[in-house]
Amino acid sequence: MSRPELQAPPEIYYGDTEAKKYTQNTRNQQIQADMTYRALELLNLPLDEPAFLLDIGCGSGLSGEILDDEGYVWTGVDIAPSMLEVALERDIEGDLFLQDIGQGFGFRPGSFDGAISISVLQWLLNAETSHPTSSPPHRLNRFFTTLHSALRNPSRAVFQFYPSSDDQIQLITSAAQKAGFGGGIVVDYPNSKKAKKIFLCLFVGGGGAQQQIPRGLEGEEEENSKVKYERRRDRERGKDKNGKRKNVKDRDWILKKKELYRKRGKEDVPRDSKFTGRKRRAIF
């Protein structure tokens, strides 16, 4: 699938330098990676099965790189052309869309197996004009309604965000519930001012509101969520002591991912053959 050309008024591109600086900052990279790994843990997808995910507010693709490493196919949406331009320059794997998420999505029903979003949801609470369609309740309703439609049944969506008050949390969760989602808020390290993180974990189908909301991480100090997540995945995936995967990307895994690419209309997917997934012999 070819990537769309990103077009916007020239004045919006003044942030190109800032977008590159943000992306190249190692602290930003680490924070983004830690929260993405935690979001994936809450998403609780089946292990070693390809999935098609939506990265909401994908920016320059920092979260997308984690999705690539974990073997997922993904599409990203963002409102900032400068960030998407950086993502294109970095040659990330996901397909990109320039979009204001407050106007909703236009994806086909049931397109995605899950969705994640890092540090974005709070921006839907900004009203840029006095027009009724710019009000936070209207934008939240449009966002959650169209997202619910775009997710398959059953699935999950996980958002890390920064609310400024309990009222904002209530407004967001209420809008999600009205759109048909189950689930609720997960708080990591609630007793730590520095490490506290808030996630909205939403369910589509599969019992809806009856599903149990995951428990937040406890403790006074923030632990390395990436290390925790990877250790758990290593145990479940059966990695050896050197951290190498054992038969993760086998023939069945490769065939499933190729079929997922074909369903999405991706071009140049290699044909299946008796050699698919076969390891090459070492030549000495």
# chains A, B, ... in the order shown; residues from 1 in each chain; ligands from 1
call {"tool": "residues_around", "arguments": {"residues": "Asn141 (chain A)", "least_positions_apart": "3", "cutoff": "8 Å", "atoms": "only C-alpha atoms", "output": "ChimeraX atom specification"}}
result
/A:137-138,144-145,175-176,178-179
call {"tool": "select_by_dssp", "arguments": {"residues": "region 17-55 of chain A", "states": "alpha helix (DSSP H)", "output": "PyMOL selection string"}}
result
chain A and resi 17-24+26-43
call {"tool": "closest_residue", "arguments": {"among": "A:His148, A:Pro50, A:Leu98, A:Val187", "to": "Gly71 (chain A)", "atoms": "only C-alpha atoms"}}
result
A:Pro50
call {"tool": "closest_residue", "arguments": {"among": "A:Ser119, A:Gly114, A:Arg90, A:Lys196", "to": "Asn28 (chain A)", "atoms": "only C-alpha atoms"}}
result
A:Ser119
call {"tool": "residues_around", "arguments": {"residues": "Gly206 (chain A)", "least_positions_apart": "6", "cutoff": "12 Å", "atoms": "only C-alpha atoms", "output": "VMD selection string"}}
result
chain A and resid 152 to 156 181 to 183 212
call {"tool": "atom_distance", "arguments": {"atom1": "CA of Phe112 (chain A)", "atom2": "CA of Ile169 (chain A)"}}
result
25.1 Å
call {"tool": "closest_residue", "arguments": {"among": "A:Thr36, A:Ser135, A:Ser117, A:Ser174", "to": "Ala157 (chain A)", "atoms": "only C-alpha atoms"}}
result
A:Ser117
call {"tool": "closest_residue", "arguments": {"among": "A:Asp167, A:Thr129, A:Leu54, A:Ile172", "to": "Asp113 (chain A)", "atoms": "only C-alpha atoms"}}
result
A:Leu54
call {"tool": "closest_residue", "arguments": {"among": "A:Ile185, A:Val120, A:Leu260, A:Leu45", "to": "Tyr162 (chain A)", "atoms": "only C-alpha atoms"}}
result
A:Val120
call {"tool": "residues_around", "arguments": {"residues": "Asp91 (chain A)", "least_positions_apart": "3", "cutoff": "12 Å", "atoms": "only C-alpha atoms", "output": "short mmCIF file (atom, residue, chain, number, x, y, z; two decimals) with N, CA and C atoms, in the first residue's frame"}}
result
data_model
loop_
_atom_site.label_atom_id
_atom_site.label_comp_id
_atom_site.auth_asym_id
_atom_site.auth_seq_id
_atom_site.Cartn_x
_atom_site.Cartn_y
_atom_site.Cartn_z
N ARG A 3 2.09 5.07 0.48
CA ARG A 3 1.85 6.03 1.54
C ARG A 3 1.32 7.32 0.95
N SER A 60 6.36 10.72 15.18
CA SER A 60 7.46 10.38 14.28
C SER A 60 7.76 8.88 14.25
N GLY A 61 6.90 8.09 14.87
CA GLY A 61 7.04 6.63 14.77
C GLY A 61 7.82 5.97 15.88
N LEU A 62 8.03 6.65 17.02
CA LEU A 62 8.77 6.04 18.12
C LEU A 62 8.03 4.82 18.67
N GLY A 64 5.77 3.21 16.95
CA GLY A 64 5.68 2.29 15.82
C GLY A 64 6.88 1.37 15.72
N GLU A 65 8.06 1.87 16.09
CA GLU A 65 9.25 1.02 16.07
C GLU A 65 9.12 -0.14 17.03
N ASP A 68 6.85 -2.64 15.45
CA ASP A 68 7.61 -3.39 14.45
C ASP A 68 8.42 -4.50 15.12
N LEU A 84 4.95 13.59 11.05
CA LEU A 84 4.79 12.53 10.04
C LEU A 84 5.89 12.60 8.99
N GLU A 85 6.34 13.80 8.67
CA GLU A 85 7.45 13.94 7.73
C GLU A 85 8.71 13.29 8.29
N VAL A 86 8.95 13.47 9.59
CA VAL A 86 10.10 12.83 10.23
C VAL A 86 9.94 11.31 10.19
N ALA A 87 8.73 10.84 10.42
CA ALA A 87 8.48 9.40 10.37
C ALA A 87 8.79 8.84 8.98
N LEU A 88 8.39 9.57 7.94
CA LEU A 88 8.67 9.13 6.57
C LEU A 88 10.18 9.13 6.29
N GLY A 94 4.96 1.43 9.28
CA GLY A 94 3.52 1.64 9.26
C GLY A 94 3.06 2.60 8.18
N ASP A 95 1.78 2.45 7.77
CA ASP A 95 1.16 3.43 6.87
C ASP A 95 0.68 4.62 7.70
N LEU A 96 0.81 5.82 7.15
CA LEU A 96 0.56 7.04 7.91
C LEU A 96 -0.59 7.85 7.33
#
